[in-house]
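Encoded as structure tokens, the structure appears first; notes follow it.
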Amino acid sequence: MAKTAMVIARKVDSKILVLRGQRVILDTDLAELYGVQVRQLNQQAKRNAKRFPPAFRFQLSPHELKILRSQSVISSERHGGARYLPYAFTEHGAIMAATVLNSERAIEMSVFVVLAFVRMRRAIAGNRNVLTKLAQLEHRLEGHDADIQDLMNAIRELMSPPEPTRTRIGFEAPLETSGKTLKARPGQSRKSK
């Protein structure tokens with residue numbers, strides 16, 4: 001029983017798409033899971049229109065259909081695909097569909113559909129947490145970049161050898177200051193001319 005539930009759960013997980021910023025399941029996939037024809041599913045949704053506001057069920061635009069066909073989610077018209085724009089059911093719409101269909105299989109499968117949406121929501125929330133933590137880390141590192149650069153400059157200064165202090169060897173002539181010549185110290189003799 002557990003293996004069967006896992007297989008069904010994986011099958012349902014693979015049917016969930018993101019359209020218009022919402023996680024949805026297409027009418028063809030939902031009808032297959034509930035064991036009814038697509039026509040019957042959509043007919044029941046139309047008969048109970050008050051139970052299916054746009055937040056629960058919406059029809060795809062031609063552009064969205066084209067994108068889904070290019071991604072091989074929906075078969076092309078050449079291969080017997082649908083000739084109408086399909087409907088997308090949100091999590092709440094899928095649950096409501098199970099209640100209006102009122103079949104044993106629809107009720108049983110709605111549990112798997114709800115669990116699939118919950119798993120997807122948790123996975124997305126987990127990804128948001130990771131992205132938030134990465135942004136915080138990146139912000140901290142930006143402040144450290146200047147500090148690290150200052151540290152590297154200080155290390156380079158310490159590694160470069162200091163200029164040697166050289167003492168001159170030999171005789172230095174006395175300097176003349178303000179036009180006066182320096183007199184020899186007492187005790188030194190001057191050479192006469």
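Scheme for the structure tokens: letters A, B, ... for chains in order shown; per-chain residue numbers from 1; ligand numbers from 1 in order shown.
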If we count only C-alpha atoms and set the cut-off at 12 Å, which residues sit around A:Ser103, ignoring sequence neighbours fewer than 6 positions away in its own chain? Please answer as a CSV table (one decimal) with C-alpha atoms, in the first residue's frame.
```
chain,number,residue,atom,x,y,z
A,31,ALA,CA,-9.6,14.4,-15.0
A,33,LEU,CA,-6.4,11.5,-11.8
A,34,TYR,CA,-10.1,11.6,-10.8
A,35,GLY,CA,-11.0,8.9,-13.4
A,36,VAL,CA,-13.4,11.0,-15.4
A,41,LEU,CA,-15.0,17.6,-15.2
A,97,ALA,CA,-13.8,19.6,-8.3
A,109,MET,CA,-7.4,11.1,-5.3
A,110,SER,CA,-8.1,14.6,-3.9
```
Strand (DSSP E or B) per DSSP on the backbone: members of stretch 60-136 of chain A, as a list in words: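 Answer for stretch 60-136 of chain A, restricted to strand (DSSP E or B): Tyr87, Ala88, Phe89 and Thr90 of chain A.
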DSSP helix (DSSP H, G or I) residues within stretch 15-132 of chain A, as a PyMOL selection string: chain A and resi 15+27-34+38-47+49-51+62-70+77-79+91-101+104-132
Who sits within 12 Å of A:Thr99, only C-alpha atoms, same chain under 4 positions skipped, as a PyMOL selection string: chain A and resi 34+41+44-45+48+51-52+92-95+103-111
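Atom CA of A:Arg57 to atom CA of A:Thr90 spans 6.2 Å [interatomic distance, one decimal].
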One-decimal distance in Å that lies between atom CA of A:Ala88 and atom CA of A:Leu60: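 Value for the atom CA of A:Leu60-atom CA of A:Ala88 distance: 6.9 Å.
The gap separating atom CA of A:Leu19 from atom CA of A:Ile67 is 10.6 Å, in Å to one decimal.
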Residue contacts of A:Phe89 (8 Å, only C-alpha atoms) excluding same-chain residues fewer than 5 positions away, as a PyMOL selection string: chain A and resi 24-27+56-58+94
Dump of all heavy atoms for the selected residues, as a compact mmCIF listing (two decimals), in the first residue's frame:
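Now in again_17.txt:
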```txt
# COMPACT_ATOMS: atom_id res chain seq x y z
N VAL A 24 -0.82 25.15 -10.28
CA VAL A 24 -2.09 24.66 -10.84
C VAL A 24 -1.90 23.27 -11.42
O VAL A 24 -0.78 22.80 -11.61
CB VAL A 24 -2.62 25.60 -11.95
CG1 VAL A 24 -2.92 26.98 -11.40
CG2 VAL A 24 -1.66 25.68 -13.12
N ILE A 25 -3.04 22.65 -11.70
CA ILE A 25 -3.05 21.37 -12.41
C ILE A 25 -4.06 21.52 -13.54
O ILE A 25 -5.14 22.08 -13.34
CB ILE A 25 -3.38 20.20 -11.45
CG1 ILE A 25 -3.20 18.87 -12.15
CG2 ILE A 25 -4.73 20.34 -10.83
CD1 ILE A 25 -3.16 17.68 -11.18
N LEU A 26 -3.68 21.10 -14.72
CA LEU A 26 -4.55 21.26 -15.89
C LEU A 26 -5.74 20.32 -15.84
O LEU A 26 -5.67 19.24 -15.23
CB LEU A 26 -3.75 21.03 -17.17
CG LEU A 26 -2.62 22.02 -17.44
CD1 LEU A 26 -1.87 21.64 -18.70
CD2 LEU A 26 -3.13 23.44 -17.52
N ASP A 27 -6.81 20.71 -16.51
CA ASP A 27 -8.05 19.92 -16.48
C ASP A 27 -7.84 18.51 -17.00
O ASP A 27 -8.40 17.56 -16.46
CB ASP A 27 -9.18 20.64 -17.23
CG ASP A 27 -8.86 20.97 -18.67
OD1 ASP A 27 -7.74 20.65 -19.15
OD2 ASP A 27 -9.73 21.57 -19.33
N PHE A 56 -10.00 29.80 -8.17
CA PHE A 56 -10.00 28.33 -8.12
C PHE A 56 -9.76 27.70 -9.50
O PHE A 56 -9.20 26.62 -9.60
CB PHE A 56 -11.34 27.82 -7.59
CG PHE A 56 -11.54 28.00 -6.11
CD1 PHE A 56 -10.76 28.85 -5.35
CD2 PHE A 56 -12.54 27.31 -5.47
CE1 PHE A 56 -10.97 29.02 -4.00
CE2 PHE A 56 -12.77 27.46 -4.11
CZ PHE A 56 -11.98 28.32 -3.37
N ARG A 57 -10.22 28.40 -10.54
CA ARG A 57 -10.16 27.82 -11.89
C ARG A 57 -10.13 28.95 -12.90
O ARG A 57 -10.90 29.90 -12.81
CB ARG A 57 -11.41 26.97 -12.10
CG ARG A 57 -11.59 26.38 -13.46
CD ARG A 57 -12.90 25.57 -13.47
NE ARG A 57 -13.24 25.08 -14.77
CZ ARG A 57 -14.19 25.58 -15.55
NH1 ARG A 57 -14.91 26.60 -15.15
NH2 ARG A 57 -14.43 25.06 -16.73
N PHE A 58 -9.22 28.84 -13.87
CA PHE A 58 -9.18 29.84 -14.94
C PHE A 58 -8.79 29.16 -16.24
O PHE A 58 -8.16 28.10 -16.25
CB PHE A 58 -8.22 30.99 -14.61
CG PHE A 58 -6.79 30.56 -14.36
CD1 PHE A 58 -5.89 30.43 -15.41
CD2 PHE A 58 -6.34 30.30 -13.08
CE1 PHE A 58 -4.58 30.05 -15.18
CE2 PHE A 58 -5.03 29.92 -12.84
CZ PHE A 58 -4.15 29.79 -13.89
N ALA A 94 -9.03 22.18 -7.30
CA ALA A 94 -8.93 20.72 -7.42
C ALA A 94 -9.74 20.03 -6.33
O ALA A 94 -10.41 19.02 -6.57
CB ALA A 94 -7.47 20.28 -7.36
```
